[in-house]
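*Asks:* Starting off with a structure, shown below.
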Amino acid sequence: MRQRYSQVMTCCIQTEGRLVQQWQAVSKNKPKLLLVDDQRINIMVLYELFREECEVFMATDGAQALDMCQTIAPDLILLDVYMDGLDGHEVCRRLKADPGTRDIAIIFVTALGAVEDEVLGLELGAVDFIVKPINPVIVKARVNTHLTLKRQSDILRSFALIDGLTGVANRRMFDEQLNRDWRQCLREQYTLSVIMIDVDYFKRYNDLYGHLKGDNCLQQVAEALIGVSFRPYDLIARYGGEEFACLLPKTDLAGALHVAERIEASVQALKLEHMGSEVAQHVTISLGVASVIPDSSMEQQALLAEADKQLYKAKQAGRARVSYGALASSS
């Protein structure tokens with residue numbers, strides 16, 4: 001009982017440490033602020049207000065704003081209501097209808113201060129409403145309030161996206177990130193790669209050494225995976241049970257295979273005893289690698305299915321190895 005309590009506390013401490021690191025990283029990064037107005041003078045006034053505290057992006061019409069939201073994922077938008085072409089209300093409707101952009105906070109900026117205009121803006125999903133001519137003190141205070149709320153929300157949300165045992169991303173975060181990476185690679189025609197990872201003969205490990213040792217084994221495997229050098233936008237997640245997964249956007253099959261081989265070697269180097277394994281006297285992993293350049297006729301599940309297929313082939317071939325394959329697009 002004491003051993004179990006100690007392990008739980010260690011896991012909590014490790015997870016808390018990672019959350020602190022995430023908070024520090026978020027705090028160091030400048031928030032992304034998108035200014036949308038068809039009058040350049042208005043944009044320049046706002047730019048001067050926020051260029052020191054924020055990474056400022058600018059759009060002069062609604063269509064450009066929608067495109068930029070897909071590529072830069074701003075934390076907050078200051079959106080003029082009345083513009084030629086797509087007005088602010090329509091831009092807001094489209095952003096809120098898109099799962100990839102619906103959570104972006106929007107503050108409407110308008111020369112009209114009628115109550116019905118403010119009500120409509122709030123009903124469309126805006127978080128605030130600013131009337132022109134702007135008061136710099138009020139604008140800065142409101143923007144800073146919503147950016148602070150966004151940061152706090154990001155950190156709190158991370159509690160729900162981290163696997164409690166291993167401290168890596170959980171399945172929910174993997175699914176969300178896969179959706180974002182798929183959309184981006186589809187839009188920009190980059191290769192997206194997935195690595196599925198399974199601890200060999202893990203049920204036997206639990207039967208032989210007990211579930212507490214099994215939990216510790218998964219924690220050490222996760223640490224080994226984290227120890228492999230990844231780019232900031234790559235993701236390691238616990239996919240379920242003894243299975244992990246790695247997302248590698250903008251990575252072709254050769255690059256993903258190289259990463260998989262490094263992952264396999266990092267777990268081998270742990271030399272965790274496993275006398276119940278049929279391939280070695282220590283813990284090993286099997287890996288399935290799949291890559292594709294997404295096209296509009298494909299579903300992202302096809303990529304996961306191919307990675308699963310390759311993982312199965314690795315197991316059938318004797319485990320403790322990597323199997324790989326590219327998924328052909330129809331374009």
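By order of appearance in the structure tokens: chains A, B, ..., then residues from 1 within every chain, and ligands from 1 in the order shown.
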As a ChimeraX atom specification, please: every residue in region 41-115 of chain A that DSSP puts in alpha helix (DSSP H).
*Replies:* /A:41-50,62-72,88-97,115
*Asks:* Could you save those same residues with N, CA and C atoms as a JSON list (two decimals), in the first residue's frame?
*Replies:*
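Wrote it out as again21.json, contents follow:
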```json
[["chain", "number", "residue", "atom", "x", "y", "z"],
["A", 41, "ILE", "N", -5.32, 52.81, -41.13],
["A", 41, "ILE", "CA", -4.98, 53.70, -40.03],
["A", 41, "ILE", "C", -5.43, 53.12, -38.70],
["A", 42, "ASN", "N", -6.61, 52.45, -38.70],
["A", 42, "ASN", "CA", -7.10, 51.83, -37.47],
["A", 42, "ASN", "C", -6.19, 50.66, -37.05],
["A", 43, "ILE", "N", -5.74, 49.89, -38.02],
["A", 43, "ILE", "CA", -4.83, 48.78, -37.73],
["A", 43, "ILE", "C", -3.53, 49.28, -37.14],
["A", 44, "MET", "N", -2.99, 50.38, -37.71],
["A", 44, "MET", "CA", -1.70, 50.89, -37.23],
["A", 44, "MET", "C", -1.81, 51.43, -35.81],
["A", 45, "VAL", "N", -2.94, 52.05, -35.49],
["A", 45, "VAL", "CA", -3.14, 52.53, -34.12],
["A", 45, "VAL", "C", -3.10, 51.37, -33.14],
["A", 46, "LEU", "N", -3.83, 50.30, -33.46],
["A", 46, "LEU", "CA", -3.86, 49.13, -32.59],
["A", 46, "LEU", "C", -2.51, 48.42, -32.56],
["A", 47, "TYR", "N", -1.85, 48.37, -33.70],
["A", 47, "TYR", "CA", -0.53, 47.75, -33.75],
["A", 47, "TYR", "C", 0.44, 48.43, -32.78],
["A", 48, "GLU", "N", 0.44, 49.74, -32.76],
["A", 48, "GLU", "CA", 1.33, 50.47, -31.86],
["A", 48, "GLU", "C", 1.01, 50.20, -30.40],
["A", 49, "LEU", "N", -0.25, 49.94, -30.11],
["A", 49, "LEU", "CA", -0.64, 49.65, -28.73],
["A", 49, "LEU", "C", -0.11, 48.30, -28.24],
["A", 50, "PHE", "N", -0.02, 47.31, -29.16],
["A", 50, "PHE", "CA", 0.23, 45.93, -28.71],
["A", 50, "PHE", "C", 1.51, 45.30, -29.24],
["A", 62, "GLY", "N", -12.20, 40.38, -44.58],
["A", 62, "GLY", "CA", -12.67, 39.18, -43.90],
["A", 62, "GLY", "C", -12.09, 37.90, -44.44],
["A", 63, "ALA", "N", -11.95, 37.79, -45.78],
["A", 63, "ALA", "CA", -11.41, 36.57, -46.37],
["A", 63, "ALA", "C", -9.97, 36.34, -45.93],
["A", 64, "GLN", "N", -9.19, 37.41, -45.92],
["A", 64, "GLN", "CA", -7.80, 37.29, -45.47],
["A", 64, "GLN", "C", -7.74, 36.88, -44.01],
["A", 65, "ALA", "N", -8.64, 37.40, -43.20],
["A", 65, "ALA", "CA", -8.68, 37.04, -41.78],
["A", 65, "ALA", "C", -8.96, 35.56, -41.59],
["A", 66, "LEU", "N", -9.92, 35.01, -42.36],
["A", 66, "LEU", "CA", -10.24, 33.58, -42.26],
["A", 66, "LEU", "C", -9.04, 32.72, -42.63],
["A", 67, "ASP", "N", -8.33, 33.09, -43.68],
["A", 67, "ASP", "CA", -7.14, 32.35, -44.09],
["A", 67, "ASP", "C", -6.06, 32.39, -43.01],
["A", 68, "MET", "N", -5.85, 33.56, -42.41],
["A", 68, "MET", "CA", -4.81, 33.70, -41.39],
["A", 68, "MET", "C", -5.13, 32.91, -40.14],
["A", 69, "CYS", "N", -6.42, 32.81, -39.82],
["A", 69, "CYS", "CA", -6.81, 32.03, -38.64],
["A", 69, "CYS", "C", -6.45, 30.56, -38.81],
["A", 70, "GLN", "N", -6.51, 30.07, -40.05],
["A", 70, "GLN", "CA", -6.15, 28.67, -40.32],
["A", 70, "GLN", "C", -4.65, 28.44, -40.18],
["A", 71, "THR", "N", -3.84, 29.44, -40.48],
["A", 71, "THR", "CA", -2.39, 29.25, -40.50],
["A", 71, "THR", "C", -1.69, 29.66, -39.22],
["A", 72, "ILE", "N", -2.17, 30.73, -38.55],
["A", 72, "ILE", "CA", -1.44, 31.22, -37.38],
["A", 72, "ILE", "C", -2.11, 30.87, -36.06],
["A", 88, "GLY", "N", -17.64, 41.69, -40.32],
["A", 88, "GLY", "CA", -17.17, 41.03, -39.11],
["A", 88, "GLY", "C", -18.12, 39.98, -38.59],
["A", 89, "HIS", "N", -19.42, 40.23, -38.72],
["A", 89, "HIS", "CA", -20.40, 39.25, -38.26],
["A", 89, "HIS", "C", -20.29, 37.94, -39.02],
["A", 90, "GLU", "N", -20.11, 38.01, -40.34],
["A", 90, "GLU", "CA", -20.00, 36.80, -41.14],
["A", 90, "GLU", "C", -18.69, 36.08, -40.85],
["A", 91, "VAL", "N", -17.60, 36.84, -40.67],
["A", 91, "VAL", "CA", -16.32, 36.23, -40.31],
["A", 91, "VAL", "C", -16.47, 35.47, -39.00],
["A", 92, "CYS", "N", -17.13, 36.08, -38.03],
["A", 92, "CYS", "CA", -17.34, 35.43, -36.73],
["A", 92, "CYS", "C", -18.17, 34.16, -36.89],
["A", 93, "ARG", "N", -19.24, 34.22, -37.69],
["A", 93, "ARG", "CA", -20.07, 33.03, -37.91],
["A", 93, "ARG", "C", -19.25, 31.87, -38.45],
["A", 94, "ARG", "N", -18.42, 32.16, -39.44],
["A", 94, "ARG", "CA", -17.63, 31.11, -40.08],
["A", 94, "ARG", "C", -16.57, 30.55, -39.13],
["A", 95, "LEU", "N", -15.97, 31.42, -38.35],
["A", 95, "LEU", "CA", -14.97, 30.94, -37.40],
["A", 95, "LEU", "C", -15.61, 30.04, -36.35],
["A", 96, "LYS", "N", -16.77, 30.43, -35.87],
["A", 96, "LYS", "CA", -17.44, 29.65, -34.83],
["A", 96, "LYS", "C", -18.03, 28.35, -35.38],
["A", 97, "ALA", "N", -18.25, 28.28, -36.68],
["A", 97, "ALA", "CA", -18.78, 27.06, -37.28],
["A", 97, "ALA", "C", -17.70, 26.03, -37.59],
["A", 115, "VAL", "N", -27.28, 49.01, -28.53],
["A", 115, "VAL", "CA", -27.39, 47.82, -27.71],
["A", 115, "VAL", "C", -27.63, 46.59, -28.57]]
```
*Asks:* Can you tell me which residues surround Arg171 (chain A) at a distance of at most 10 Å, considering only C-alpha atoms, apart from same-chain residues fewer than 4 positions away, and format the answer as a list in words?
*Replies:*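 Contacts, in chain order: Leu161, Ile162, Asp163, Asp175, Glu176, Gln177, Ala237, Arg238, Tyr239, Gly240, Phe244 and Ala245 of chain A.
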*Asks:* Would you mind listing what lies within 9 Å of Ile77 (chain A) as a PyMOL selection string, with only C-alpha atoms counted and same-chain residues fewer than 3 positions away left out?
*Replies:* chain A and resi 32-36+74+104-108
